[in-house]
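Below is one structure; the comments refer to it alone.
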Amino acid sequence: MTAALVILALLGGWELTVRAGGIDPLILPAPSQVAEALWQDRALLAPDLWTTTYEVLLGLALAVAAGVALALAMHLFPALRRALRPLVIGSQAVPVPVIAPLVILVLGFGLAPKVLLVALVCFFPITVNLADGLRAADPDARRLLRSLDATRWQALRFVEAPAALPAAFTGLKVAAAVAVIGAVFAEWAGAEEGLGHALLIANGQLATARAFAATFLLFLLAIALYGACALLERRVVDWIPDPGER
(Lines give C-alpha, C1' and ligand atoms only; values in the text may rest on other atoms or scores of the structure.)
Protein backbone atom coordinates (compact mmCIF):
# COMPACT_ATOMS: atom_id res chain seq x y z
CA MET A 1 0.00 0.00 0.00
CA THR A 2 2.81 2.38 0.89
CA ALA A 3 4.61 1.63 -2.38
CA ALA A 4 1.42 2.36 -4.33
CA LEU A 5 1.00 5.72 -2.60
CA VAL A 6 4.62 6.64 -3.32
CA ILE A 7 4.21 5.73 -6.99
CA LEU A 8 0.99 7.74 -7.25
CA ALA A 9 2.66 10.74 -5.62
CA LEU A 10 5.60 10.56 -8.03
CA LEU A 11 3.31 10.23 -11.05
CA GLY A 12 1.20 13.14 -9.81
CA GLY A 13 4.25 15.35 -9.33
CA TRP A 14 5.55 14.34 -12.76
CA GLU A 15 2.20 15.17 -14.38
CA LEU A 16 1.91 18.55 -12.67
CA THR A 17 5.49 19.51 -13.52
CA VAL A 18 5.03 18.81 -17.23
CA ARG A 19 1.59 20.39 -17.38
CA ALA A 20 2.91 23.53 -15.67
CA GLY A 21 5.54 23.92 -18.37
CA GLY A 22 8.48 23.03 -16.18
CA ILE A 23 9.67 20.38 -18.66
CA ASP A 24 9.32 20.22 -22.42
CA PRO A 25 6.94 17.31 -23.26
CA LEU A 26 9.21 16.49 -26.20
CA ILE A 27 11.90 15.60 -23.65
CA LEU A 28 9.73 14.17 -20.88
CA PRO A 29 6.06 13.55 -21.68
CA ALA A 30 3.48 13.54 -18.92
CA PRO A 31 2.20 10.18 -17.64
CA SER A 32 -1.18 10.93 -19.22
CA GLN A 33 0.52 11.40 -22.60
CA VAL A 34 2.36 8.09 -22.17
CA ALA A 35 -0.93 6.38 -21.35
CA GLU A 36 -2.51 7.98 -24.41
CA ALA A 37 0.36 6.72 -26.58
CA LEU A 38 -0.08 3.23 -25.16
CA TRP A 39 -3.68 3.23 -26.33
CA GLN A 40 -3.31 5.04 -29.64
CA ASP A 41 -0.22 3.06 -30.72
CA ARG A 42 -1.44 -0.30 -29.40
CA ALA A 43 -1.58 -1.71 -32.92
CA LEU A 44 2.17 -0.99 -33.25
CA LEU A 45 3.28 -1.85 -29.72
CA ALA A 46 1.32 -5.07 -29.18
CA PRO A 47 3.15 -7.10 -31.90
CA ASP A 48 6.46 -5.67 -30.71
CA LEU A 49 5.65 -6.70 -27.13
CA TRP A 50 4.89 -10.24 -28.28
CA THR A 51 8.12 -10.41 -30.30
CA THR A 52 10.28 -9.27 -27.38
CA THR A 53 8.45 -11.57 -24.96
CA TYR A 54 9.03 -14.53 -27.27
CA GLU A 55 12.74 -13.70 -27.58
CA VAL A 56 13.08 -13.30 -23.81
CA LEU A 57 11.29 -16.56 -22.98
CA LEU A 58 13.40 -18.55 -25.45
CA GLY A 59 16.62 -16.92 -24.28
CA LEU A 60 15.74 -17.49 -20.63
CA ALA A 61 14.92 -21.14 -21.32
CA LEU A 62 18.25 -21.57 -23.12
CA ALA A 63 20.06 -19.89 -20.22
CA VAL A 64 18.37 -22.21 -17.72
CA ALA A 65 19.32 -25.31 -19.72
CA ALA A 66 22.92 -24.20 -20.24
CA GLY A 67 23.29 -22.81 -16.72
CA VAL A 68 21.97 -25.92 -14.99
CA ALA A 69 24.13 -28.22 -17.12
CA LEU A 70 27.24 -26.11 -16.54
CA ALA A 71 26.63 -25.73 -12.81
CA LEU A 72 26.14 -29.49 -12.38
CA ALA A 73 29.27 -30.24 -14.38
CA MET A 74 31.31 -27.77 -12.33
CA HIS A 75 29.93 -29.25 -9.12
CA LEU A 76 30.52 -32.88 -10.00
CA PHE A 77 33.99 -32.38 -11.49
CA PRO A 78 36.25 -30.05 -9.43
CA ALA A 79 38.87 -29.90 -12.16
CA LEU A 80 36.23 -28.70 -14.59
CA ARG A 81 35.08 -26.11 -12.06
CA ARG A 82 38.58 -24.70 -11.71
CA ALA A 83 38.91 -24.52 -15.49
CA LEU A 84 35.50 -23.08 -16.32
CA ARG A 85 34.69 -20.72 -13.47
CA PRO A 86 37.09 -17.99 -14.69
CA LEU A 87 35.55 -18.29 -18.15
CA VAL A 88 32.03 -18.02 -16.74
CA ILE A 89 33.01 -14.88 -14.84
CA GLY A 90 34.90 -13.49 -17.81
CA SER A 91 31.86 -13.93 -20.05
CA GLN A 92 30.27 -11.03 -18.17
CA ALA A 93 33.23 -8.72 -18.66
CA VAL A 94 32.40 -8.01 -22.30
CA PRO A 95 29.50 -5.52 -22.55
CA VAL A 96 26.51 -6.79 -24.49
CA PRO A 97 26.30 -3.61 -26.63
CA VAL A 98 29.82 -4.35 -27.86
CA ILE A 99 29.26 -7.95 -28.90
CA ALA A 100 25.65 -7.58 -30.06
CA PRO A 101 26.58 -6.18 -33.52
CA LEU A 102 29.15 -8.94 -33.95
CA VAL A 103 26.61 -11.64 -33.07
CA ILE A 104 24.11 -10.08 -35.48
CA LEU A 105 26.79 -9.98 -38.17
CA VAL A 106 27.55 -13.68 -37.74
CA LEU A 107 24.03 -15.05 -37.18
CA GLY A 108 22.01 -12.57 -39.21
CA PHE A 109 18.91 -10.58 -38.32
CA GLY A 110 16.69 -13.50 -37.36
CA LEU A 111 15.61 -14.92 -34.04
CA ALA A 112 18.82 -16.81 -33.20
CA PRO A 113 21.07 -13.84 -32.25
CA LYS A 114 18.37 -12.33 -30.05
CA VAL A 115 17.88 -15.59 -28.16
CA LEU A 116 21.63 -16.06 -27.83
CA LEU A 117 22.20 -12.56 -26.43
CA VAL A 118 19.35 -12.92 -23.94
CA ALA A 119 20.82 -16.25 -22.84
CA LEU A 120 24.27 -14.66 -22.48
CA VAL A 121 22.85 -12.03 -20.14
CA CYS A 122 20.83 -14.56 -18.13
CA PHE A 123 23.01 -17.62 -17.75
CA PHE A 124 25.62 -16.11 -15.39
CA PRO A 125 23.35 -15.57 -12.34
CA ILE A 126 21.71 -18.94 -12.93
CA THR A 127 25.00 -20.82 -13.19
CA VAL A 128 26.81 -19.14 -10.30
CA ASN A 129 23.89 -19.25 -7.87
CA LEU A 130 23.14 -22.90 -8.60
CA ALA A 131 26.81 -23.91 -8.35
CA ASP A 132 27.22 -22.10 -5.04
CA GLY A 133 23.96 -23.59 -3.75
CA LEU A 134 25.10 -27.12 -4.58
CA ARG A 135 28.38 -26.60 -2.76
CA ALA A 136 26.62 -25.13 0.29
CA ALA A 137 24.58 -28.27 1.04
CA ASP A 138 24.66 -29.50 4.64
CA PRO A 139 27.96 -31.40 5.16
CA ASP A 140 26.42 -33.48 7.96
CA ALA A 141 23.73 -34.72 5.59
CA ARG A 142 26.40 -35.60 3.04
CA ARG A 143 28.35 -37.58 5.64
CA LEU A 144 25.18 -39.38 6.68
CA LEU A 145 24.51 -40.48 3.12
CA ARG A 146 28.09 -41.64 2.71
CA SER A 147 27.76 -43.71 5.87
CA LEU A 148 24.71 -45.35 4.29
CA ASP A 149 26.71 -46.13 1.12
CA ALA A 150 24.67 -43.73 -0.98
CA THR A 151 25.84 -43.17 -4.53
CA ARG A 152 26.99 -39.79 -5.85
CA TRP A 153 23.74 -39.49 -7.76
CA GLN A 154 21.70 -40.15 -4.62
CA ALA A 155 23.63 -37.50 -2.69
CA LEU A 156 22.95 -35.03 -5.49
CA ARG A 157 19.29 -35.95 -5.73
CA PHE A 158 18.33 -36.12 -2.06
CA VAL A 159 20.61 -33.54 -0.41
CA GLU A 160 22.48 -31.20 -2.71
CA ALA A 161 19.82 -30.43 -5.32
CA PRO A 162 17.04 -29.63 -2.80
CA ALA A 163 19.45 -27.52 -0.75
CA ALA A 164 20.46 -25.58 -3.88
CA LEU A 165 16.92 -24.75 -4.98
CA PRO A 166 16.58 -21.45 -3.02
CA ALA A 167 19.86 -20.17 -4.46
CA ALA A 168 18.92 -21.43 -7.92
CA PHE A 169 15.62 -19.54 -7.83
CA THR A 170 17.42 -16.41 -6.68
CA GLY A 171 19.58 -16.64 -9.79
CA LEU A 172 16.53 -17.34 -11.94
CA LYS A 173 14.69 -14.28 -10.62
CA VAL A 174 17.70 -12.06 -11.26
CA ALA A 175 18.02 -13.50 -14.77
CA ALA A 176 14.32 -12.94 -15.46
CA ALA A 177 14.59 -9.31 -14.37
CA VAL A 178 17.57 -8.54 -16.64
CA ALA A 179 16.54 -10.70 -19.60
CA VAL A 180 14.80 -7.78 -21.33
CA ILE A 181 18.12 -5.91 -21.37
CA GLY A 182 19.66 -8.53 -23.62
CA ALA A 183 16.63 -8.49 -25.91
CA VAL A 184 16.66 -4.70 -26.25
CA PHE A 185 20.39 -4.55 -27.03
CA ALA A 186 19.96 -7.31 -29.60
CA GLU A 187 17.09 -5.47 -31.25
CA TRP A 188 19.05 -2.24 -31.25
CA ALA A 189 21.90 -3.99 -33.05
CA GLY A 190 19.61 -5.20 -35.81
CA ALA A 191 15.91 -6.04 -35.91
CA GLU A 192 12.74 -5.30 -37.80
CA GLU A 193 10.38 -5.72 -34.83
CA GLY A 194 10.37 -5.81 -31.05
CA LEU A 195 10.17 -3.16 -28.35
CA GLY A 196 13.84 -2.30 -28.75
CA HIS A 197 13.21 -1.63 -32.44
CA ALA A 198 10.11 0.38 -31.51
CA LEU A 199 12.23 2.52 -29.20
CA LEU A 200 14.69 3.31 -31.99
CA ILE A 201 11.93 4.22 -34.43
CA ALA A 202 10.10 6.36 -31.86
CA ASN A 203 13.28 8.23 -30.95
CA GLY A 204 14.07 8.82 -34.61
CA GLN A 205 10.57 10.22 -35.17
CA LEU A 206 10.72 12.31 -31.95
CA ALA A 207 7.69 10.36 -30.73
CA THR A 208 8.80 10.61 -27.12
CA ALA A 209 5.50 9.49 -25.62
CA ARG A 210 5.57 6.29 -27.69
CA ALA A 211 9.20 5.69 -26.65
CA PHE A 212 8.18 6.00 -22.99
CA ALA A 213 5.23 3.70 -23.66
CA ALA A 214 7.56 1.05 -25.08
CA THR A 215 9.86 1.49 -22.08
CA PHE A 216 6.89 1.06 -19.76
CA LEU A 217 5.99 -2.21 -21.50
CA LEU A 218 9.56 -3.42 -21.03
CA PHE A 219 9.26 -2.57 -17.34
CA LEU A 220 6.00 -4.51 -17.06
CA LEU A 221 7.52 -7.48 -18.89
CA ALA A 222 10.47 -7.62 -16.48
CA ILE A 223 8.14 -7.38 -13.47
CA ALA A 224 5.86 -10.08 -14.86
CA LEU A 225 8.76 -12.46 -15.50
CA TYR A 226 10.16 -11.86 -12.01
CA GLY A 227 6.74 -12.40 -10.47
CA ALA A 228 6.22 -15.63 -12.40
CA CYS A 229 9.57 -16.96 -11.16
CA ALA A 230 8.77 -15.90 -7.59
CA LEU A 231 5.40 -17.67 -7.80
CA LEU A 232 7.07 -20.81 -9.14
CA GLU A 233 9.59 -20.63 -6.29
CA ARG A 234 6.81 -20.54 -3.69
CA ARG A 235 5.26 -23.60 -5.29
CA VAL A 236 8.50 -25.59 -5.55
CA VAL A 237 10.47 -24.45 -2.50
CA ASP A 238 7.52 -24.78 -0.14
CA TRP A 239 9.52 -25.77 2.95
CA ILE A 240 10.97 -22.25 3.45
CA PRO A 241 8.58 -19.88 5.27
CA ASP A 242 7.55 -16.68 3.53
CA PRO A 243 9.29 -13.70 5.21
CA GLY A 244 6.01 -11.79 4.97
CA GLU A 245 4.32 -14.35 7.18
CA ARG A 246 6.71 -13.95 10.08
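Simple scheme: letters A, B, ... for chains in C-alpha coordinates order, numbers from 1 for residues in each chain, numbers from 1 for ligands in the order shown.
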List every residue of segment 31-82 of chain A that has an atom at most 9 Å from any atom of segment 158-172 of chain A, and for each one report the closest atom pair and its distance in Å to one decimal, counting only C-alpha atoms, with rows sorted by chain and then by increasing residue number, as a tab-separated table.
```
residue	atom	partner	partner_atom	distance
A:Leu60	CA	A:Leu172	CA	8.7
A:Val64	CA	A:Leu172	CA	7.8
A:Val68	CA	A:Ala168	CA	8.9
```
Those same residues, written as an mmCIF file, in the first residue's frame with N, CA and C atoms?
```
data_model
loop_
_atom_site.group_PDB
_atom_site.id
_atom_site.type_symbol
_atom_site.label_atom_id
_atom_site.label_comp_id
_atom_site.auth_asym_id
_atom_site.auth_seq_id
_atom_site.Cartn_x
_atom_site.Cartn_y
_atom_site.Cartn_z
ATOM 1 N N LEU A 60 15.711 -17.087 -22.038
ATOM 2 C CA LEU A 60 15.738 -17.490 -20.631
ATOM 3 C C LEU A 60 15.727 -19.008 -20.504
ATOM 4 N N VAL A 64 18.626 -21.243 -18.785
ATOM 5 C CA VAL A 64 18.368 -22.212 -17.716
ATOM 6 C C VAL A 64 18.984 -23.562 -18.071
ATOM 7 N N VAL A 68 22.108 -24.743 -15.839
ATOM 8 C CA VAL A 68 21.970 -25.925 -14.986
ATOM 9 C C VAL A 68 23.003 -26.979 -15.371
#
```
Determine, for each residue of segment 5-86 of chain A having at least one atom at most 9 Å from an atom of segment 211-214 of chain A, the closest pair of atoms and their separation in Å to one decimal, counting only C-alpha atoms; order by chain and ascending number, as CSV.
```
residue,atom,partner,partner_atom,distance
A:Leu28,CA,A:Phe212,CA,8.6
A:Pro29,CA,A:Phe212,CA,8.0
A:Val34,CA,A:Ala213,CA,5.4
A:Ala35,CA,A:Ala213,CA,7.1
A:Glu36,CA,A:Ala213,CA,8.9
A:Ala37,CA,A:Ala213,CA,6.4
A:Leu38,CA,A:Ala213,CA,5.5
A:Asp41,CA,A:Ala213,CA,8.9
A:Leu45,CA,A:Ala214,CA,6.9
A:Asp48,CA,A:Ala214,CA,8.8
A:Leu49,CA,A:Ala214,CA,8.2
```
Can I get the selected residues back with all heavy atoms, as a PDB file, in the first residue's frame?
```pdb
ATOM      1  N   LEU A  28      10.340  15.020 -21.893  1.00  0.00           N
ATOM      2  CA  LEU A  28       9.729  14.171 -20.876  1.00  0.00           C
ATOM      3  C   LEU A  28       8.222  14.340 -20.932  1.00  0.00           C
ATOM      4  O   LEU A  28       7.679  15.291 -20.370  1.00  0.00           O
ATOM      5  CB  LEU A  28      10.257  14.533 -19.479  1.00  0.00           C
ATOM      6  CG  LEU A  28       9.733  13.679 -18.321  1.00  0.00           C
ATOM      7  CD1 LEU A  28      10.224  12.240 -18.470  1.00  0.00           C
ATOM      8  CD2 LEU A  28      10.186  14.247 -16.986  1.00  0.00           C
ATOM      9  N   PRO A  29       7.518  13.441 -21.608  1.00  0.00           N
ATOM     10  CA  PRO A  29       6.057  13.555 -21.682  1.00  0.00           C
ATOM     11  C   PRO A  29       5.414  13.256 -20.343  1.00  0.00           C
ATOM     12  O   PRO A  29       5.965  12.542 -19.504  1.00  0.00           O
ATOM     13  CB  PRO A  29       5.680  12.506 -22.735  1.00  0.00           C
ATOM     14  CG  PRO A  29       6.773  11.510 -22.670  1.00  0.00           C
ATOM     15  CD  PRO A  29       8.027  12.274 -22.343  1.00  0.00           C
ATOM     16  N   VAL A  34       1.846   9.444 -21.975  1.00  0.00           N
ATOM     17  CA  VAL A  34       2.364   8.093 -22.172  1.00  0.00           C
ATOM     18  C   VAL A  34       1.215   7.099 -22.239  1.00  0.00           C
ATOM     19  O   VAL A  34       1.194   6.195 -23.090  1.00  0.00           O
ATOM     20  CB  VAL A  34       3.337   7.723 -21.037  1.00  0.00           C
ATOM     21  CG1 VAL A  34       3.805   6.277 -21.179  1.00  0.00           C
ATOM     22  CG2 VAL A  34       4.536   8.666 -21.037  1.00  0.00           C
ATOM     23  N   ALA A  35       0.223   7.260 -21.340  1.00  0.00           N
ATOM     24  CA  ALA A  35      -0.932   6.376 -21.350  1.00  0.00           C
ATOM     25  C   ALA A  35      -1.719   6.520 -22.658  1.00  0.00           C
ATOM     26  O   ALA A  35      -2.194   5.527 -23.231  1.00  0.00           O
ATOM     27  CB  ALA A  35      -1.835   6.688 -20.156  1.00  0.00           C
ATOM     28  N   GLU A  36      -1.821   7.747 -23.137  1.00  0.00           N
ATOM     29  CA  GLU A  36      -2.506   7.981 -24.412  1.00  0.00           C
ATOM     30  C   GLU A  36      -1.764   7.312 -25.559  1.00  0.00           C
ATOM     31  O   GLU A  36      -2.390   6.723 -26.459  1.00  0.00           O
ATOM     32  CB  GLU A  36      -2.617   9.490 -24.649  1.00  0.00           C
ATOM     33  CG  GLU A  36      -3.402   9.862 -25.907  1.00  0.00           C
ATOM     34  CD  GLU A  36      -3.508  11.368 -26.099  1.00  0.00           C
ATOM     35  OE1 GLU A  36      -3.037  12.110 -25.213  1.00  0.00           O
ATOM     36  OE2 GLU A  36      -4.047  11.799 -27.135  1.00  0.00           O
ATOM     37  N   ALA A  37      -0.433   7.372 -25.539  1.00  0.00           N
ATOM     38  CA  ALA A  37       0.363   6.720 -26.582  1.00  0.00           C
ATOM     39  C   ALA A  37       0.221   5.206 -26.509  1.00  0.00           C
ATOM     40  O   ALA A  37       0.191   4.526 -27.548  1.00  0.00           O
ATOM     41  CB  ALA A  37       1.832   7.122 -26.438  1.00  0.00           C
ATOM     42  N   LEU A  38       0.133   4.671 -25.298  1.00  0.00           N
ATOM     43  CA  LEU A  38      -0.079   3.229 -25.155  1.00  0.00           C
ATOM     44  C   LEU A  38      -1.356   2.796 -25.853  1.00  0.00           C
ATOM     45  O   LEU A  38      -1.403   1.745 -26.508  1.00  0.00           O
ATOM     46  CB  LEU A  38      -0.149   2.852 -23.668  1.00  0.00           C
ATOM     47  CG  LEU A  38       1.162   2.585 -22.936  1.00  0.00           C
ATOM     48  CD1 LEU A  38       0.904   2.444 -21.441  1.00  0.00           C
ATOM     49  CD2 LEU A  38       1.831   1.328 -23.476  1.00  0.00           C
ATOM     50  N   ASP A  41      -1.218   3.825 -29.952  1.00  0.00           N
ATOM     51  CA  ASP A  41      -0.223   3.062 -30.717  1.00  0.00           C
ATOM     52  C   ASP A  41      -0.244   1.581 -30.367  1.00  0.00           C
ATOM     53  O   ASP A  41       0.736   0.867 -30.594  1.00  0.00           O
ATOM     54  CB  ASP A  41       1.183   3.624 -30.454  1.00  0.00           C
ATOM     55  CG  ASP A  41       1.338   5.047 -30.942  1.00  0.00           C
ATOM     56  OD1 ASP A  41       0.687   5.401 -31.949  1.00  0.00           O
ATOM     57  OD2 ASP A  41       2.091   5.814 -30.318  1.00  0.00           O
ATOM     58  N   LEU A  45       2.530  -1.366 -30.878  1.00  0.00           N
ATOM     59  CA  LEU A  45       3.280  -1.850 -29.721  1.00  0.00           C
ATOM     60  C   LEU A  45       2.946  -3.291 -29.351  1.00  0.00           C
ATOM     61  O   LEU A  45       3.815  -4.014 -28.849  1.00  0.00           O
ATOM     62  CB  LEU A  45       3.023  -0.932 -28.519  1.00  0.00           C
ATOM     63  CG  LEU A  45       3.545   0.504 -28.659  1.00  0.00           C
ATOM     64  CD1 LEU A  45       3.107   1.345 -27.468  1.00  0.00           C
ATOM     65  CD2 LEU A  45       5.057   0.511 -28.796  1.00  0.00           C
ATOM     66  N   ASP A  48       5.084  -5.804 -31.190  1.00  0.00           N
ATOM     67  CA  ASP A  48       6.462  -5.667 -30.706  1.00  0.00           C
ATOM     68  C   ASP A  48       6.621  -6.279 -29.318  1.00  0.00           C
ATOM     69  O   ASP A  48       7.645  -6.900 -29.016  1.00  0.00           O
ATOM     70  CB  ASP A  48       6.867  -4.193 -30.676  1.00  0.00           C
ATOM     71  CG  ASP A  48       7.045  -3.618 -32.070  1.00  0.00           C
ATOM     72  OD1 ASP A  48       7.445  -4.374 -32.968  1.00  0.00           O
ATOM     73  OD2 ASP A  48       6.786  -2.413 -32.268  1.00  0.00           O
ATOM     74  N   LEU A  49       5.611  -6.099 -28.475  1.00  0.00           N
ATOM     75  CA  LEU A  49       5.651  -6.700 -27.135  1.00  0.00           C
ATOM     76  C   LEU A  49       5.690  -8.217 -27.233  1.00  0.00           C
ATOM     77  O   LEU A  49       6.453  -8.875 -26.515  1.00  0.00           O
ATOM     78  CB  LEU A  49       4.433  -6.249 -26.333  1.00  0.00           C
ATOM     79  CG  LEU A  49       4.262  -6.903 -24.954  1.00  0.00           C
ATOM     80  CD1 LEU A  49       5.451  -6.610 -24.053  1.00  0.00           C
ATOM     81  CD2 LEU A  49       2.960  -6.438 -24.302  1.00  0.00           C
TER      82      LEU A  49
END
```
Would you work out the distance separating atom CA of Gly194 of chain A from atom CA of Pro47 of chain A, expressed in Å to one decimal?
->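 For atom CA of Gly194 of chain A relative to atom CA of Pro47 of chain A, the distance reads 7.4 Å.
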Counting only C-alpha atoms, which of A:Ala176, A:Leu117, A:Leu70, A:Leu130 gets nearest to Val98 of chain A?
-> A:Leu117
Rank nothing, just name the residue among A:Leu120, A:Leu72, A:Val18, A:Ala43 nearest to Gln92 of chain A, using only C-alpha atoms.
->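 Using only C-alpha atoms, Gln92 of chain A sits closest to A:Leu120.
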Calculate how many Å separate atom CA of Gln40 of chain A from atom CA of Leu225 of chain A, rounding to one decimal.
->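 Between these atoms lies a distance of 25.5 Å.
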Excluding Leu76 of chain A and residues on its chain fewer than 6 positions from it, collect all residues at most 12 Å away from it, counting only C-alpha atoms, and give them as a VMD selection string.
-> chain A and resid 69 to 70 82 131 134 to 135 152 to 153 155 to 156 160 to 161
Length of the atom CA of Thr17 of chain A to atom CA of Leu195 of chain A vector [Å] |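 Calculated distance between atom CA of Thr17 of chain A and atom CA of Leu195 of chain A is 27.5 Å.
Counting only C-alpha atoms and comparing A:Glu192, A:Pro31, A:Val174, A:Glu55, the residue that lies closest to Tyr226 of chain A is A:Val174.
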Write out as a ChimeraX atom specification each polymer residue whose atoms come within 12 Å of Ile181 of chain A, counting only C-alpha atoms; drop sequence neighbours fewer than 2 positions from it.
-> /A:52-53,55-56,59-60,95-97,100,114-115,117-122,174-179,183-188,195-196,215,218-219,221-222
With only C-alpha atoms as the basis for distance, which of A:Ala9, A:Glu193, A:Val180, A:Ala83 is at the shortest distance from Leu220 of chain A?
->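 That would be A:Val180, the residue with the smallest distance to Leu220 of chain A.
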Identify, with DSSP run on backbone atoms, the residues in segment 8-192 of chain A assigned to alpha helix (DSSP H), and express the list as a ChimeraX atom specification.
-> /A:8-19,31-40,42-76,78-90,96-107,111-135,139-147,152-155,161-189
